[in-house]
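**Q** Just so it is clear, I am handing over start_10.txt, which has compact mmCIF, C-alpha atoms.
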```txt
# COMPACT_ATOMS: atom_id res chain seq x y z
CA MET A 1 -136.46 336.75 15.35
CA LYS A 2 -136.14 338.69 12.11
CA ILE A 3 -132.90 340.59 11.54
CA ASP A 4 -131.83 342.15 8.23
CA GLY A 5 -134.59 340.23 6.51
CA GLU A 6 -133.50 336.85 7.93
CA ILE A 7 -135.14 334.78 10.62
CA LYS A 8 -132.57 333.83 13.23
CA THR A 9 -132.58 332.17 16.64
CA LEU A 10 -130.98 333.99 19.53
CA VAL A 11 -127.91 331.80 19.56
CA ASP A 12 -127.14 332.84 15.98
CA ILE A 13 -127.22 336.54 16.74
CA PRO A 14 -123.88 338.22 17.53
CA THR A 15 -123.44 339.67 20.98
CA GLU A 16 -123.13 343.22 19.63
CA THR A 17 -126.47 342.86 17.89
CA ILE A 18 -128.16 341.60 21.03
CA GLU A 19 -126.71 344.52 22.95
CA GLN A 20 -128.04 346.88 20.32
CA LEU A 21 -131.47 345.26 20.49
CA ILE A 22 -131.47 345.74 24.26
CA ARG A 23 -130.47 349.37 23.88
CA GLU A 24 -133.27 349.93 21.41
CA THR A 25 -135.86 348.19 23.55
CA PRO A 26 -138.41 350.78 24.70
CA LEU A 27 -138.57 350.94 28.50
CA ASP A 28 -142.16 352.12 28.71
CA ASP A 29 -145.61 350.56 28.78
CA SER A 30 -144.98 348.83 25.46
CA LEU A 31 -142.09 346.84 26.94
CA ASP A 32 -142.26 343.13 26.17
CA ILE A 33 -140.66 341.69 29.26
CA ASN A 34 -140.36 338.20 27.79
CA TYR A 35 -138.49 339.58 24.82
CA LEU A 36 -136.10 341.58 27.01
CA ARG A 37 -135.66 338.70 29.40
CA ALA A 38 -134.75 336.36 26.54
CA LEU A 39 -132.14 338.83 25.29
CA LEU A 40 -130.65 339.28 28.75
CA LYS A 41 -130.56 335.56 29.41
CA GLU A 42 -128.80 334.93 26.15
CA LEU A 43 -126.24 337.60 27.00
CA SER A 44 -125.65 336.20 30.46
CA ARG A 45 -125.09 332.77 28.94
CA ARG A 46 -122.23 333.98 26.78
CA PRO A 47 -118.59 334.34 27.87
CA GLU A 48 -117.98 337.53 29.81
CA THR A 49 -115.82 340.15 28.22
CA GLU A 50 -117.07 343.30 29.80
CA PRO A 51 -117.20 344.71 33.34
CA VAL A 52 -120.23 344.51 35.59
CA ASP A 53 -122.60 347.48 35.46
CA VAL A 54 -124.30 347.66 38.85
CA ASN A 55 -127.24 349.72 37.57
CA ALA A 56 -127.84 347.36 34.68
CA ALA A 57 -127.60 344.39 37.02
CA TRP A 58 -130.08 345.94 39.42
CA LYS A 59 -132.49 346.69 36.59
CA TRP A 60 -132.14 343.13 35.33
CA PHE A 61 -132.74 341.79 38.82
CA GLN A 62 -135.85 343.95 39.24
CA GLN A 63 -137.18 342.82 35.91
CA ILE A 64 -136.74 339.19 36.87
CA LEU A 65 -138.43 339.75 40.19
CA ARG A 66 -141.29 341.56 38.53
CA GLU A 67 -141.68 338.78 36.03
CA GLU A 68 -141.63 336.14 38.73
CA GLY A 69 -144.06 338.13 40.84
CA LEU A 70 -141.82 338.00 43.91
CA SER A 71 -141.86 341.69 44.75
CA ASP A 72 -144.80 343.66 46.04
CA GLY A 73 -146.58 346.39 44.13
CA ALA A 74 -144.46 349.24 45.44
CA ASP A 75 -141.19 347.58 44.62
CA ALA A 76 -142.44 346.45 41.25
CA LYS A 77 -142.73 349.97 39.90
CA PRO A 78 -139.98 350.75 37.43
CA ASP A 79 -137.25 352.90 38.92
CA ALA A 80 -137.11 356.14 36.93
CA GLU A 81 -133.42 356.84 37.40
CA PRO A 82 -132.04 353.54 36.09
CA GLN A 83 -134.30 353.82 33.05
CA VAL A 84 -132.87 357.20 32.12
CA GLN A 85 -129.39 355.94 32.76
CA ALA A 86 -129.97 352.87 30.61
CA LYS A 87 -131.11 354.99 27.73
CA THR A 88 -128.23 357.38 27.88
CA THR A 89 -125.46 354.90 28.60
CA PRO A 90 -123.55 354.53 25.37
CA ARG A 91 -122.21 351.09 26.16
CA THR A 92 -124.59 348.49 27.49
CA SER A 93 -123.29 346.30 30.32
CA ARG A 94 -124.87 343.23 31.80
CA PHE A 95 -125.00 341.57 35.17
CA ARG A 96 -123.07 338.34 35.15
CA PRO A 97 -123.50 336.20 38.24
CA ARG A 98 -120.27 334.26 37.70
CA GLU A 99 -118.26 337.45 37.27
CA PHE A 100 -119.89 338.94 40.36
CA LEU A 101 -119.06 335.84 42.39
CA ARG A 102 -115.50 335.89 41.10
CA ARG A 103 -115.03 339.50 42.13
CA THR A 104 -116.61 338.90 45.53
CA ALA A 105 -114.31 335.94 46.08
CA ALA A 106 -111.32 338.08 45.10
CA ALA A 107 -112.37 340.75 47.60
CA ALA A 108 -112.82 338.13 50.33
CA MET A 109 -109.39 336.66 49.59
CA PHE A 110 -107.86 340.11 49.80
CA ALA A 111 -109.50 340.66 53.18
CA VAL A 112 -108.21 337.29 54.45
CA ILE A 113 -104.69 338.11 53.27
CA LEU A 114 -104.96 341.44 55.09
CA LEU A 115 -106.12 339.66 58.24
CA ILE A 116 -103.18 337.26 58.10
CA ALA A 117 -100.80 340.16 57.50
CA ASN A 118 -102.28 341.96 60.52
CA ALA A 119 -101.80 338.89 62.67
CA ALA A 120 -98.21 338.55 61.51
CA VAL A 121 -97.43 342.18 62.30
CA ALA A 122 -99.16 341.92 65.68
CA SER A 123 -97.21 338.75 66.43
CA ALA A 124 -93.97 340.55 65.63
CA PHE A 125 -94.91 343.04 68.35
CA HIS A 126 -95.71 340.19 70.75
CA MET A 127 -99.44 340.79 70.53
CA ASN A 128 -101.91 337.98 70.04
CA ILE A 129 -104.87 339.56 68.29
CA LEU A 130 -107.45 337.02 69.34
CA ARG A 131 -106.19 336.91 72.89
CA THR A 132 -106.18 340.69 73.09
CA VAL A 133 -109.73 340.85 71.90
CA ILE A 134 -110.78 338.44 74.58
CA SER A 135 -109.00 340.33 77.33
CA PHE A 136 -110.39 343.61 76.05
CA THR A 137 -113.95 342.37 76.04
CA ASP A 138 -113.59 340.47 79.27
CA GLU A 139 -113.07 343.48 81.48
CA LEU A 140 -114.78 342.02 84.48
CA LEU A 141 -113.35 339.09 86.35
CA THR A 142 -116.15 337.06 87.86
CA ARG A 143 -114.99 335.29 90.97
CA THR A 144 -116.71 332.11 92.01
CA ILE A 145 -116.10 329.88 94.97
CA ALA A 146 -114.52 326.69 93.74
CA PRO A 147 -114.94 323.21 95.20
CA SER A 148 -112.07 321.92 97.32
CA GLU A 149 -110.53 319.81 94.65
CA TYR A 150 -107.36 321.77 94.05
CA THR A 151 -103.99 321.00 95.50
CA PRO A 152 -101.25 323.60 95.78
CA ASP A 153 -98.40 323.22 93.33
CA VAL A 154 -95.91 325.00 95.56
CA PRO A 155 -95.00 324.14 99.16
CA TYR A 156 -96.73 325.98 101.97
CA ILE A 157 -94.74 328.62 103.85
CA PRO A 158 -91.12 328.12 102.90
CA SER A 159 -88.33 329.31 105.09
CA GLY A 160 -88.36 333.06 104.71
CA ALA A 161 -88.57 336.30 106.54
CA ALA A 162 -91.17 336.88 109.18
CA VAL A 163 -93.81 339.49 108.43
CA PRO A 164 -93.30 342.39 110.81
CA GLY A 165 -96.70 343.94 110.17
CA LYS A 166 -98.68 340.73 110.26
CA SER A 167 -100.13 341.30 113.69
CA ILE A 168 -101.37 344.76 112.71
CA LEU A 169 -103.06 343.54 109.54
CA GLN A 170 -104.39 340.46 111.27
CA THR A 171 -105.81 342.60 114.05
CA ALA A 172 -107.54 344.78 111.48
CA LEU A 173 -108.97 341.73 109.71
CA ASP A 174 -110.14 340.29 113.02
CA GLU A 175 -111.84 343.56 113.89
CA MET A 176 -113.54 343.61 110.50
CA GLY A 177 -114.83 340.14 111.17
CA VAL A 178 -112.92 338.45 108.38
CA THR A 179 -112.96 334.79 109.28
CA GLN A 180 -111.88 333.31 105.98
CA ALA A 181 -108.78 335.05 104.66
CA GLN A 182 -105.85 335.68 106.97
CA ALA A 183 -102.95 338.05 106.80
CA PRO A 184 -100.09 336.34 104.96
CA GLU A 185 -97.58 334.49 107.08
CA TRP A 186 -95.01 334.70 104.36
CA LEU A 187 -93.73 337.50 102.15
CA PRO A 188 -90.55 337.60 100.07
CA GLU A 189 -87.50 338.55 102.09
CA GLY A 190 -86.86 342.24 102.66
CA PHE A 191 -90.46 343.47 102.64
CA GLU A 192 -91.52 345.38 105.72
CA PHE A 193 -94.85 346.66 106.92
CA ASN A 194 -95.37 350.27 105.86
CA LEU A 195 -99.01 351.34 106.01
CA LEU A 196 -102.48 350.24 107.02
CA GLU A 197 -105.68 352.06 106.07
CA SER A 198 -109.39 351.38 106.00
CA SER A 199 -112.56 352.81 104.53
CA ASP A 200 -116.14 351.70 104.52
CA THR A 201 -119.43 352.03 102.75
CA ARG A 202 -122.87 350.76 103.60
CA THR A 203 -122.29 347.45 101.84
CA GLY A 204 -118.72 346.70 102.83
CA GLU A 205 -115.61 347.63 104.72
CA THR A 206 -112.20 347.78 103.07
CA VAL A 207 -108.78 347.48 104.65
CA SER A 208 -105.49 347.84 102.79
CA ALA A 209 -101.96 347.12 103.92
CA LEU A 210 -98.72 348.10 102.23
CA TYR A 211 -95.36 346.37 102.54
CA LYS A 212 -92.22 347.87 101.06
CA ASN A 213 -88.73 346.78 100.21
CA GLY A 214 -86.96 349.88 98.93
CA GLU A 215 -88.82 350.87 95.78
CA LYS A 216 -90.63 347.54 95.61
CA MET A 217 -94.08 347.16 97.12
CA ILE A 218 -96.74 344.61 97.97
CA ALA A 219 -100.27 345.83 98.71
CA LEU A 220 -103.10 343.69 100.07
CA THR A 221 -106.69 344.89 99.97
CA PHE A 222 -109.60 343.10 101.62
CA THR A 223 -113.24 344.15 101.30
CA LEU A 224 -115.69 342.35 103.53
CA TYR A 225 -119.38 342.47 102.58
CA SER A 226 -122.20 341.58 104.93
CA GLN A 227 -123.57 339.97 101.79
CA ILE A 228 -122.37 340.27 98.24
CA PRO A 229 -124.40 343.08 96.66
CA GLU A 230 -126.46 342.09 93.67
CA GLY A 231 -124.74 343.25 90.49
CA LEU A 232 -121.40 343.90 92.15
CA ALA A 233 -118.82 344.46 89.42
CA VAL A 234 -115.14 344.12 90.25
CA SER A 235 -112.82 345.26 87.46
CA HIS A 236 -109.07 344.97 87.48
CA GLN A 237 -106.66 346.76 85.19
CA LYS A 238 -104.47 344.15 83.60
CA SER A 239 -102.04 343.57 80.80
CA GLU A 240 -102.69 341.41 77.79
CA GLY A 241 -103.31 337.75 78.44
CA GLU A 242 -105.77 335.59 80.24
CA PRO A 243 -105.47 335.33 84.04
CA LEU A 244 -103.84 332.25 85.49
CA GLU A 245 -106.30 330.27 87.60
CA TYR A 246 -104.63 329.03 90.76
CA GLY A 247 -106.62 326.78 93.04
CA HIS A 248 -105.90 326.58 96.73
CA GLY A 249 -107.96 326.26 99.90
CA GLY A 250 -111.14 325.67 97.94
CA ASN A 251 -110.90 328.95 96.06
CA ILE A 252 -109.79 329.89 92.58
CA HIS A 253 -107.29 332.74 92.63
CA TYR A 254 -106.88 334.70 89.43
CA ILE A 255 -103.28 335.73 88.94
CA PHE A 256 -102.44 338.23 86.23
CA LYS A 257 -100.09 341.04 85.25
CA ASN A 258 -100.73 344.75 85.38
CA LEU A 259 -97.68 346.04 83.53
CA ASP A 260 -94.71 345.27 85.82
CA LYS A 261 -96.88 344.30 88.81
CA THR A 262 -98.20 340.82 89.55
CA ALA A 263 -101.73 340.78 90.94
CA ALA A 264 -104.13 338.20 92.31
CA THR A 265 -107.80 338.41 93.15
CA TRP A 266 -110.33 336.02 94.58
CA LEU A 267 -113.51 335.83 96.58
CA ASP A 268 -113.38 334.00 99.87
CA GLY A 269 -116.91 333.72 101.20
CA THR A 270 -118.04 337.34 101.30
CA CYS A 271 -114.51 338.72 101.44
CA ASP A 272 -113.06 340.13 98.25
CA CYS A 273 -109.27 339.78 98.31
CA TYR A 274 -106.70 341.50 96.15
CA ILE A 275 -102.91 341.41 96.20
CA GLN A 276 -100.55 343.32 93.94
CA GLY A 277 -96.83 343.85 94.04
CA ASP A 278 -93.38 343.65 92.58
CA ILE A 279 -93.20 339.89 92.89
CA SER A 280 -93.15 336.85 90.67
CA VAL A 281 -96.09 334.55 90.02
CA ASP A 282 -94.51 331.83 92.17
CA GLU A 283 -94.04 334.30 95.02
CA MET A 284 -97.68 335.29 94.64
CA LYS A 285 -98.69 331.64 94.98
CA LEU A 286 -96.60 331.30 98.12
CA ILE A 287 -98.22 334.38 99.66
CA ILE A 288 -101.67 333.00 98.84
CA ASN A 289 -100.79 329.63 100.36
CA SER A 290 -99.73 331.31 103.58
CA MET A 291 -103.10 333.04 103.98
CA TYR A 292 -105.19 329.96 104.70
CA LYS A 293 -105.98 328.90 108.22
CA GLU A 294 -106.16 325.19 107.52
CA ASN A 295 -102.50 325.13 106.63
CA MET B 1 -115.83 354.59 36.30
CA LYS B 2 -118.11 352.08 38.01
CA LYS B 3 -115.37 349.47 37.86
CA HIS B 4 -113.06 351.86 39.70
CA ALA B 5 -115.79 352.60 42.22
CA PHE B 6 -116.22 348.89 42.92
CA LYS B 7 -112.49 348.41 43.39
CA THR B 8 -112.25 351.47 45.60
CA LEU B 9 -115.16 350.24 47.73
CA THR B 10 -113.46 346.85 48.12
CA LEU B 11 -110.21 348.50 49.16
CA VAL B 12 -111.97 350.80 51.63
CA LEU B 13 -113.84 347.87 53.18
CA ALA B 14 -110.61 345.92 53.53
CA LEU B 15 -108.87 348.87 55.18
CA VAL B 16 -111.82 349.39 57.54
CA MET B 17 -111.58 345.73 58.46
CA ALA B 18 -107.87 346.12 59.15
CA PHE B 19 -108.52 349.05 61.47
CA VAL B 20 -111.35 347.23 63.22
CA ILE B 21 -108.95 344.38 63.91
CA GLY B 22 -106.19 346.70 64.98
CA VAL B 23 -108.17 348.86 67.40
CA PRO B 24 -108.98 346.15 69.97
CA ALA B 25 -105.35 345.05 69.91
CA SER B 26 -104.16 348.48 70.91
CA ALA B 27 -107.13 349.27 73.15
CA GLY B 28 -106.51 346.05 75.06
CA GLN B 29 -103.12 347.37 76.01
CA LEU B 30 -104.68 350.47 77.50
CA ARG B 31 -106.44 348.46 80.19
CA ALA B 32 -103.18 348.06 82.07
CA SER B 33 -102.17 350.99 84.23
CA ARG B 34 -99.25 352.12 86.38
CA GLU B 35 -101.60 354.06 88.66
CA LEU B 36 -105.03 352.42 88.68
CA ALA B 37 -105.29 348.84 89.93
CA SER B 38 -109.00 348.08 90.26
CA CYS B 39 -112.45 349.50 90.76
CA THR B 40 -115.52 347.92 92.29
CA VAL B 41 -118.89 349.47 91.57
CA THR B 42 -122.43 348.66 92.52
CA MET B 43 -125.77 350.41 92.67
CA TYR B 44 -128.76 349.74 94.84
CA ALA B 45 -132.17 351.16 95.61
CA ASP B 46 -132.55 352.92 98.93
CA GLY B 47 -136.33 353.35 99.01
CA ASN B 48 -138.38 356.52 98.59
CA GLY B 49 -137.09 356.77 95.01
CA LYS B 50 -133.46 357.08 96.14
CA VAL B 51 -130.67 355.16 94.40
CA THR B 52 -127.08 354.93 95.61
CA ALA B 53 -123.94 354.27 93.58
CA GLU B 54 -120.99 352.93 95.49
CA PHE B 55 -117.39 352.58 94.42
CA THR B 56 -114.06 351.35 95.76
CA THR B 57 -110.98 352.34 93.80
CA VAL B 58 -107.60 350.73 94.44
CA ALA B 59 -104.39 352.34 93.23
CA VAL B 60 -101.06 350.72 92.38
CA GLY B 61 -99.46 351.52 95.72
CA VAL B 62 -99.94 354.72 97.66
CA ALA B 63 -101.50 357.30 95.35
CA ASP B 64 -101.43 361.06 95.60
CA GLU B 65 -105.10 360.92 94.66
CA VAL B 66 -107.39 357.95 94.30
CA GLY B 67 -111.16 357.64 93.96
CA ALA B 68 -113.52 358.92 91.28
CA THR B 69 -113.45 362.18 89.37
CA LYS B 70 -117.05 361.83 88.26
CA VAL B 71 -120.15 359.75 88.93
CA VAL B 72 -122.96 360.09 86.42
CA ILE B 73 -126.35 358.78 87.45
CA GLN B 74 -128.38 357.77 84.42
CA ARG B 75 -132.09 357.07 84.07
CA LYS B 76 -133.53 354.86 81.38
CA VAL B 77 -135.99 356.56 79.04
CA GLY B 78 -137.36 354.16 76.46
CA SER B 79 -134.32 352.37 75.13
CA SER B 80 -131.89 355.20 75.91
CA TRP B 81 -130.01 356.33 78.98
CA VAL B 82 -130.19 359.99 79.94
CA THR B 83 -128.19 361.80 82.60
CA ALA B 84 -130.19 362.29 85.75
CA GLN B 85 -127.43 363.81 87.90
CA THR B 86 -123.67 364.28 87.71
CA PHE B 87 -121.35 364.34 90.69
CA THR B 88 -117.89 365.75 90.01
CA ARG B 89 -114.89 366.12 92.25
CA SER B 90 -115.24 369.90 92.07
CA SER B 91 -118.87 369.87 93.17
CA TYR B 92 -118.69 366.97 95.57
CA ASN B 93 -115.75 366.85 97.97
CA ASN B 94 -115.77 363.21 98.91
CA LEU B 95 -115.05 361.54 95.60
CA ILE B 96 -111.25 361.59 95.99
CA GLY B 97 -108.96 360.46 98.78
CA GLN B 98 -105.35 361.56 99.11
CA ASN B 99 -102.21 359.61 99.97
CA ARG B 100 -104.06 356.34 100.06
CA ILE B 101 -103.95 352.90 98.46
CA SER B 102 -107.71 352.60 98.16
CA TYR B 103 -110.74 354.80 98.58
CA SER B 104 -114.44 354.02 98.91
CA ASN B 105 -117.48 356.23 98.85
CA GLU B 106 -121.04 356.51 97.61
CA VAL B 107 -123.37 359.08 96.10
CA THR B 108 -127.16 359.13 96.36
CA HIS B 109 -129.63 360.44 93.83
CA ASN B 110 -133.21 361.32 94.61
CA GLY B 111 -134.96 359.55 91.80
CA THR B 112 -138.44 358.36 91.07
CA ALA B 113 -139.82 355.05 92.23
CA GLY B 114 -140.35 352.62 89.38
CA GLN B 115 -137.67 354.16 87.15
CA GLN B 116 -134.51 352.31 86.12
CA TYR B 117 -131.14 353.77 87.06
CA ARG B 118 -127.47 352.99 86.63
CA ALA B 119 -124.24 354.91 87.21
CA ILE B 120 -121.02 355.42 85.30
CA VAL B 121 -118.09 355.87 87.66
CA THR B 122 -114.92 357.46 86.34
CA ALA B 123 -112.29 355.87 88.53
CA TYR B 124 -109.09 357.82 88.96
CA ALA B 125 -105.64 357.37 90.44
CA LYS B 126 -102.69 359.74 90.35
CA ILE B 127 -99.16 358.79 91.34
CA GLY B 128 -96.48 361.42 90.80
CA SER B 129 -96.86 362.84 87.33
CA GLY B 130 -98.85 359.90 86.02
CA SER B 131 -102.60 359.38 86.26
CA THR B 132 -105.23 357.03 84.89
CA SER B 133 -108.99 357.45 84.47
CA ASP B 134 -111.33 354.68 83.42
CA ASP B 135 -115.12 354.41 83.26
CA TYR B 136 -117.01 351.61 84.97
CA THR B 137 -120.73 351.03 84.63
CA THR B 138 -122.80 349.70 87.51
CA ASN B 139 -125.68 347.30 87.42
CA THR B 140 -129.17 348.61 86.68
CA VAL B 141 -131.63 349.02 89.54
CA ILE B 142 -135.28 349.98 89.76
CA ALA B 143 -135.88 352.73 92.30
CA THR B 144 -138.35 351.67 94.99
```
How does the structure come out when it is put into C-alpha cells?
**A**
Amino acid sequence: MKIDGEIKTLVDIPTETIEQLIRETPLDDSLDINYLRALLKELSRRPETEPVDVNAAWKWFQQILREEGLSDGADAKPDAEPQVQAKTTPRTSRFRPREFLRRTAAAAMFAVILLIANAAVASAFHMNILRTVISFTDELLTRTIAPSEYTPDVPYIPSGAAVPGKSILQTALDEMGVTQAQAPEWLPEGFEFNLLESSDTRTGETVSALYKNGEKMIALTFTLYSQIPEGLAVSHQKSEGEPLEYGHGGNIHYIFKNLDKTAATWLDGTCDCYIQGDISVDEMKLIINSMYKEN
Amino acid sequence: MKKHAFKTLTLVLALVMAFVIGVPASAGQLRASRELASCTVTMYADGNGKVTAEFTTVAVGVADEVGATKVVIQRKVGSSWVTAQTFTRSSYNNLIGQNRISYSNEVTHNGTAGQQYRAIVTAYAKIGSGSTSDDYTTNTVIAT
C-alpha cells in the first residue's frame, strides 16, 4: 500500500490513517471489497479504544456475508441508509467482537445481580419466587387415585366430641349414592352441625355441610359424578406453597392453605371431596382419617 | 449517543426482567381468597350442535352470593377464539345462588356441529363486603 510516497504494509499504518482510508473508501460500484475488508480486519485486530458503532458493525457484518456469499440476493443489496450514515459520520467506529462480548457479559451480569436482589427482597417478605411461580402456573390440582401403599401418620379417631350432624350428612351421602367417602366421625371439639344443602347438574350432584364453632367453621363438599366428565377441571384458590400430599385409604389428599383456612381435596372413585375450615393441618388429617369405612 | 442508547437499552431490559419476575410473585398471592374457595368447570357436547358449560362454585363458608357472574361461550375460528354467546347474571337468572356454600348450574349454547367450543366461567363469591371473581376456562369440545 502506498502512502505519502512510501510503500507500507497494513501493520505499519497508524490506526488513524486506516480509519481515514476507510472513510475515504467509495461505497459505490467501484468499491474494492477485499481492500475494505483488509482495512477492517486490521482495525479489528488492534486494541480497542473506541465505542462500538452498531451501524458500522452491521455494515461490516453485511460486507463479510456478501463476500462469503452466505446471504441471498435480496439481503446482499447494500443498505442505502447505513451508507449515507457512514459517509456523514465524522468519526469512524468499528465493530469489535471482543468488546461486544464484554458488554453483553456485563449486561448479563447486571441482570443476574438484579435477579438475586429480587430474590433477596422477596425472601425478606417471606415469598419464594420460584415456588410462587410454580403455584401460580399450577392452578389446577389434578387428583389421581393412589395405590394403597400409604399409612396414616396420625391415629384414627382420637377421643373427641361426637358429630351432632353426622347422621344428617351421612343420610344425604347415602341418598346420593356415595359409597366411598363417609361423613366424618370426628371433628375438633366445639363444632356443631349448622347447615346442609345440595345442588345438581346433569353430570353430578353436590352436597355441602357446614359445621360451626362460634366464628370458626368447617365446610365439607362432596360432588358425585356418574362418571368423571372428560376435561373436568377442578381449581382451588390457595395461598403460596405447594400442597401437602397426605396418603390414606388408598387416596392422595392434597392439603393446602387458602389464607387463614386449611383445605383438603381428593378424588375417591367418582366422588370429588373437599374440606375447608378453621383447623390445623393435623386436625384436617384426623378428619380425613375418620371418613374411611375400613377404619 | 449510540453508547448511551446501548446502555439505556440494557437498563430497560434489566428492569423489564425485574418486573417479569416480580409479577408472578404478586399474582400468585392473588389466587388465595377469603370468599371464593373453588370452582369446577366442564363442557360437553349435547348433540344437534348444542354445547353445555357446567360449573360448581364453592365459597369459603356461607356466602351472600355464590356462582358465576358471567359465562362466555367461545368458538374457535382458525387459531383464534371468538365469542359465540355471553350469559351474564343480569340476563340469565340462574347463574348465582344466595346464602349458600356452593352453587352449581349449566348454560347451553346452540352451536354448529363440527365446530370447536369452550367456555370461560367467571366464578364469583360474595361474603359481607368482600367479594372475589376469577376466570376459569373449560375443556374444548367439538359440537356434534
**Q** What is the CA of Ala59 in chain B-CA of Tyr292 in chain A distance in Å, reported with one decimal?
**A** 25.2 Å
**Q** Looking at all atoms listed in the file, which of A:Ala38, A:Ala209, A:Ile113, A:Cys273 is the one that sits closest to Glu197 in chain A?
**A** A:Ala209
**Q** CA of Thr15 in chain A and CA of Ala106 in chain A are how many Å apart?
**A**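 Value for the CA of Thr15 in chain A-CA of Ala106 in chain A distance: 27.0 Å.
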**Q** Find the residue from B:Ile142, B:Cys39, B:Gly78, B:Thr8 that sits nearest to Gly111 in chain B; use only C-alpha atoms when measuring.
**A**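 Of the candidates, the smallest distance to Gly111 in chain B is held by B:Ile142.
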**Q** Show which residues sit within 12 Å of Val71 in chain B, as a PyMOL selection string. Count all atoms listed in the file, and ignore same-chain residues fewer than 5 positions away.
**A** chain B and resi 41-43+52-55+83-92+94-96+105-109+118-124+134-138
**Q** Could you state the separation of CA of Ile228 in chain A and CA of Thr270 in chain A in Å, given to one decimal place?
**A**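 Between CA of Ile228 in chain A and CA of Thr270 in chain A the gap is 6.1 Å.
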**Q** Could you list, as a PyMOL selection string, every residue within 7 Å of Ser104 in chain B, counting only C-alpha atoms and ignoring same-chain residues fewer than 5 positions away?
**A** (chain A and resi 199-201) or (chain B and resi 55-57+67)
**Q** Got a sec: who's within 12 Å of Tyr35 in chain A, counting all atoms listed in the file, leaving out chain neighbours fewer than 2 positions off, as an MDAnalysis selection string?
**A** chainID A and resid 1 10 18 21:22 25:27 30:33 37:42 63 67
**Q** Kindly save the residues from that selection, with C-alpha atoms included, as a PDB file, keeping the file's coordinate frame.
**A**
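Result file again19.pdb:
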```
ATOM      1  CA  MET A   1    -136.460 336.750  15.350  1.00  0.00           C
ATOM      2  CA  LEU A  10    -130.980 333.990  19.530  1.00  0.00           C
ATOM      3  CA  ILE A  18    -128.160 341.600  21.030  1.00  0.00           C
ATOM      4  CA  LEU A  21    -131.470 345.260  20.490  1.00  0.00           C
ATOM      5  CA  ILE A  22    -131.470 345.740  24.260  1.00  0.00           C
ATOM      6  CA  THR A  25    -135.860 348.190  23.550  1.00  0.00           C
ATOM      7  CA  PRO A  26    -138.410 350.780  24.700  1.00  0.00           C
ATOM      8  CA  LEU A  27    -138.570 350.940  28.500  1.00  0.00           C
ATOM      9  CA  SER A  30    -144.980 348.830  25.460  1.00  0.00           C
ATOM     10  CA  LEU A  31    -142.090 346.840  26.940  1.00  0.00           C
ATOM     11  CA  ASP A  32    -142.260 343.130  26.170  1.00  0.00           C
ATOM     12  CA  ILE A  33    -140.660 341.690  29.260  1.00  0.00           C
ATOM     13  CA  ARG A  37    -135.660 338.700  29.400  1.00  0.00           C
ATOM     14  CA  ALA A  38    -134.750 336.360  26.540  1.00  0.00           C
ATOM     15  CA  LEU A  39    -132.140 338.830  25.290  1.00  0.00           C
ATOM     16  CA  LEU A  40    -130.650 339.280  28.750  1.00  0.00           C
ATOM     17  CA  LYS A  41    -130.560 335.560  29.410  1.00  0.00           C
ATOM     18  CA  GLU A  42    -128.800 334.930  26.150  1.00  0.00           C
ATOM     19  CA  GLN A  63    -137.180 342.820  35.910  1.00  0.00           C
ATOM     20  CA  GLU A  67    -141.680 338.780  36.030  1.00  0.00           C
TER      21      GLU A  67
END
```
**Q** Restricting the calculation to all atoms listed in the file: of A:Gln237, A:Thr17, A:Asn251, A:Ser198, which residue gets closest to chain B?
**A** A:Gln237
**Q** Quick one: of A:Tyr211, A:Tyr246, A:Trp266, A:Phe222, who's nearest to Asp278 in chain A, counting only C-alpha atoms?
**A**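 Among A:Tyr211, A:Tyr246, A:Trp266, A:Phe222, it is A:Tyr211 that comes nearest to Asp278 in chain A.
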